[in-house]
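First up is the structure itself, then whatever we jot down about it.
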2 protein chains.
Amino acid sequence: MTKNASTRPIPTRFPEERILMGPGPSPVPQRVLSALAAPTLGHLDPQYLAIMDETCAMLRQVFQTANALTFPVSGTGMAGMECVATNLVERGDEVLVCINGVFGTRMKDVFERCGAVVHVLEATWGEGFTNEQVAAALAIHPHSKVVGIVHAETSTGWHQPLEGLAEIVHGHGALLAVDAVTSLGGHELRVDEWGIDAIYSGTQKCLSCPPGLSPVSFGARALARMDQRKSKPQSWYLDVSMLRKYYTGGGGGGRVYHHTAPINMTYALREALAIVLEEGLAARIARHTAMHQRLRQGLEELGLTYIPSRSLHSLNCIRIPDGVDDAAIRTALLRDYGIEIGAGLGVMAGKAWRIGLMGHGATIRNVDLVLTALRKLLHK
Amino acid sequence: MTKNASTRPIPTRFPEERILMGPGPSPVPQRVLSALAAPTLGHLDPQYLAIMDETCAMLRQVFQTANALTFPVSGTGMAGMECVATNLVERGDEVLVCINGVFGTRMKDVFERCGAVVHVLEATWGEGFTNEQVAAALAIHPHSKVVGIVHAETSTGWHQPLEGLAEIVHGHGALLAVDAVTSLGGHELRVDEWGIDAIYSGTQKCLSCPPGLSPVSFGARALARMDQRKSKPQSWYLDVSMLRKYYTGGGGGGRVYHHTAPINMTYALREALAIVLEEGLAARIARHTAMHQRLRQGLEELGLTYIPSRSLHSLNCIRIPDGVDDAAIRTALLRDYGIEIGAGLGVMAGKAWRIGLMGHGATIRNVDLVLTALRKLLHK
């Protein structure tokens, strides 16, 4: 190709590598980055469809579900939230959302924008919900068609138990929708056994894939609800009745083009899921537990305390000690060590640090390095 | 990391390379694939923000606009269409959509899902619209707040002239929204000079970047319209009032986190745009013109005819000759030559082939190879 002689070359930027220990993205293995850079295929190429089918099959294993309708939405985690909301409710439907942080707050907003009437069950940020509290809220709002709850509240580090919740929700004729952005692949998450009807996650957390896709899964109850809709979902891009034809060939008529899927991101997700399954889901979850315990012990030895009373293993949300300059410490971590940790989000801004131990980043070397760095920077 | 001894390795899949000459994705230069695989950064890392700022600045050059609000939406081209629709209209607003193919048809659907009352100006597939026709339709529907039109109708290959249209649209107090998915970077497209108020594109066409982002740009009139909204846009994920704070720091309050941007895709887009600007936009557009002419001459020598009376250079939509087996030819092209061309879409299914000459794929070697292959397969 002839170049315009008058234009100057624009050099490639090579970012300096970071150790990603914030709320995501997490560190991406070279194997995944290499897969990401494989030659781009067409979105209807048989080779690509085979890779996509494998990706969906592996997602089912990681979600621990037999749901046929399990695929990556072509957007980041918030697109997954919006996909669940836009497909499950019609204008005027009542929804109960459990709010104990930024992502529950967002879920309310997203459902409301879909035209839902949203009832709220609130808990203090850093705390969560008992099944009894949800049951009581449903008794007050018995016409709720969906209950939305966050499994891993990334803004506070709260780890929400979900066992037994679906029975209560289903007993009221509602569907259980779960935000698992920061738990999938790092925490126990049994979609079928726990009776979850709709769930979304992100690729850039415990799966250690770059951001850009949002794995979702819908069960039979959710599918039945969608099949009974009187109106189209308000989002064309996220309309599952069309997406399922492309991703699964389901819904009649065989495989039909919908949009141009993010081809190379699918390669990366396939590879990230292969790594998860090669490690073994149970072993991976145990590793997240062990690394959390190692970090927690070290932080507590430094006098640092956790904000949530039941902490995620993948995200450790700690109080910034009195008199410590939040930004100065995070800047020094980044500048001197190349370590990124997360600032507080929402009402936690300036009060919390969030240390992620996700996927490829949940290692002894990362835990011990961040503890060493914090010890020096806090002059302990 | 300890691997579970019981799990078997899952081998990486290395896709066989294709010569992508369909309706997109187009061939991606190795320089872009290498940038895609650079180490993942955090979405608030100063290094990443610098890359994002550069990407937006280069997008402005390619869109030929000074619009501050120019950025890549975190989804594929259809997410860009939905972003424009969801931000520009409120429920009950009237919209005029010009339909002459699949993407105009989709635009109507997308605006309707946003609650708009959509009036339609139709043309035969393969033909387009005169400014006078749009003016006449606006005279019939004078309360239209937006006019939507497709610059490059990927389903028929029609190339829609846009010069002078904005004056008519603005004269009726409406905004001009343009689909430029298949034209940006390959066809003349002067956003500011032509008075376009809102525009969206895709990365996987004439920019030769993998699919996954949708560059958009909004002008002052569109911004004023958004600022006057009484209701929130129905999509949280695509709400420009929040996206602009993240991408441009505009709208007050400085840069604010919205969602986790697709980091590595941004690297790739930056690199793809650098290649466009190094070649020079004018030289690149001239190359697309020359390659289209070369292909057209060769196709006509084979007795093949174009469907649209005014063809895109980036996408060549031709009639399948009587008695020729559509699928057999496309299968042989893929199997024997590794060449992907596009099937007909919508009412064109079985009647048309779509040969893309986009970005990195618009080369003499590709043109001459596809002509040679078609000559042999059609026994000419």
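Ordering of the structure tokens sets the chain letters (A, B, ...), residue numbers begin anew at 1 in every chain, and ligands are numbered from 1 in the order given.
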
Practice prompt. Find the residues of chain B in contact range of chain A, meaning any atom within 6 Å when counting only C-alpha atoms, and list them as an MDAnalysis selection string.
Written response: chainID B and resid 3:4 7 9:10 17 25 33 37 39 42 74:75 110 113 211:212 234 236 262 274 278:280

Worksheet entry | Secondary structure check, helix (DSSP H, G or I) residues of segment 25-256 of chain A, as a VMD selection string | chain A and resid 30 to 36 46 to 63 77 to 88 102 to 113 131 to 140 165 to 171 220 to 227 240 to 248

Worksheet item: Hey, which of B:Pro308, B:Gly148, B:Pro321, B:Gly254 ends up closest to Val84 of chain B? Count only C-alpha atoms.
Response: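 Of B:Pro308, B:Gly148, B:Pro321, B:Gly254, the one nearest Val84 of chain B, counting only C-alpha atoms, is B:Gly148.
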
Discussion item. For Ala180 of chain A, find every residue with an atom within 6 Å (counting only C-alpha atoms), except residues of its own chain fewer than 4 positions away, and show them as a PyMOL selection string.
Written reply: chain A and resi 151-152+184+200-201

Fill in: Residue among A:Ser217, A:Ala85, A:Gly173, A:His119 lying closest to Gln61 of chain A, counting only C-alpha atoms
A:Ser217

Worksheet item: From the set A:Phe63, A:Tyr247, A:Trp194, A:Tyr306, which residue has the shortest atom-to-atom contact distance to Arg354 of chain A, counting only C-alpha atoms?
Response: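 With only C-alpha atoms as the atom set, the closest residue is A:Tyr306.
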
Discussion item. If DSSP is run on the backbone, what residues of segment 23-189 of chain A are strand (DSSP E)? A reply as a ChimeraX atom specification would be ideal.
Written reply: /A:69-73,94-99,117-122,144-150,152-153,158-159,175-179

Write the residues you've just listed into a file as a CSV table (one decimal), in the first residue's frame, and include C-alpha atoms for each of them.
chain,number,residue,atom,x,y,z
A,69,LEU,CA,-28.9,-20.4,26.7
A,70,THR,CA,-25.5,-19.6,28.0
A,71,PHE,CA,-23.3,-17.3,25.9
A,72,PRO,CA,-21.1,-14.2,26.1
A,73,VAL,CA,-23.0,-10.9,25.5
A,94,GLU,CA,-42.7,-5.1,39.7
A,95,VAL,CA,-39.1,-6.0,40.7
A,96,LEU,CA,-37.4,-6.4,44.0
A,97,VAL,CA,-33.8,-5.3,44.1
A,98,CYS,CA,-31.5,-5.9,47.0
A,99,ILE,CA,-29.1,-3.0,47.5
A,117,VAL,CA,-41.5,-0.6,39.2
A,118,VAL,CA,-38.6,-1.3,41.5
A,119,HIS,CA,-39.0,-2.1,45.2
A,120,VAL,CA,-35.9,-2.0,47.3
A,121,LEU,CA,-34.5,-4.1,50.1
A,122,GLU,CA,-31.6,-2.2,51.6
A,144,SER,CA,-42.6,-8.8,42.3
A,145,LYS,CA,-41.7,-10.8,39.1
A,146,VAL,CA,-37.9,-10.7,39.5
A,147,VAL,CA,-35.6,-10.5,42.5
A,148,GLY,CA,-32.2,-9.0,41.7
A,149,ILE,CA,-29.3,-9.6,44.0
A,150,VAL,CA,-25.5,-9.2,43.8
A,152,ALA,CA,-20.2,-10.4,44.7
A,153,GLU,CA,-20.7,-6.7,45.5
A,158,TRP,CA,-19.5,-8.3,50.5
A,159,HIS,CA,-20.0,-12.0,49.6
A,175,LEU,CA,-37.4,-15.2,39.1
A,176,LEU,CA,-34.0,-14.9,40.7
A,177,ALA,CA,-31.5,-12.7,38.8
A,178,VAL,CA,-27.9,-12.7,40.1
A,179,ASP,CA,-24.9,-10.4,39.5

Worksheet entry | Non-local contacts of Ala343 of chain A (9 Å; only C-alpha atoms; under 5 positions in same chain excluded) as a ChimeraX atom specification | /A:22-23,326-327,330,348-355

Item to complete: Within 12 Å of Ala66 of chain A, counting only C-alpha atoms, which residues show up once you throw out same-chain ones fewer than 3 positions away? Write them as a list of chain:residue names, please.
Response: A:Cys56, A:Ala57, A:Met58, A:Leu59, A:Arg60, A:Gln61, A:Val62, A:Phe63, A:Leu69, A:Thr70, A:Arg190, A:Val191, A:Asp192, A:Glu193, A:Gly195, A:Ile196, A:Asp197, A:Ser217, A:Phe218, A:Gly219, A:Ala220

Practice prompt. Measuring atom to atom with only C-alpha atoms, identify which of A:Leu189, A:Leu304, A:Met291, A:Ile329 is nearest to Leu357 of chain A.
Written response: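 Closest to Leu357 of chain A, using only C-alpha atoms: A:Met291.
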
Fill in: Nearest to Gln297 of chain B, chosen from B:Val134, B:Val367, B:Ala222, B:Ala139, with only C-alpha atoms counted in the distances
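Under the stated criterion, the closest residue is B:Val367.
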
Worksheet item: Gly251 of chain A: which residues within 12 Å, counting only C-alpha atoms, same-chain residues fewer than 2 positions away excluded, as a VMD selection string?
Response: chain A and resid 68 to 69 223 to 224 226 to 227 240 to 249 253 to 256

Worksheet item: What is the atom CA of Leu312 of chain A-atom CA of Gly157 of chain A distance in Å, reported with one decimal?
Response: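 Distance between the two atoms: 5.4 Å.
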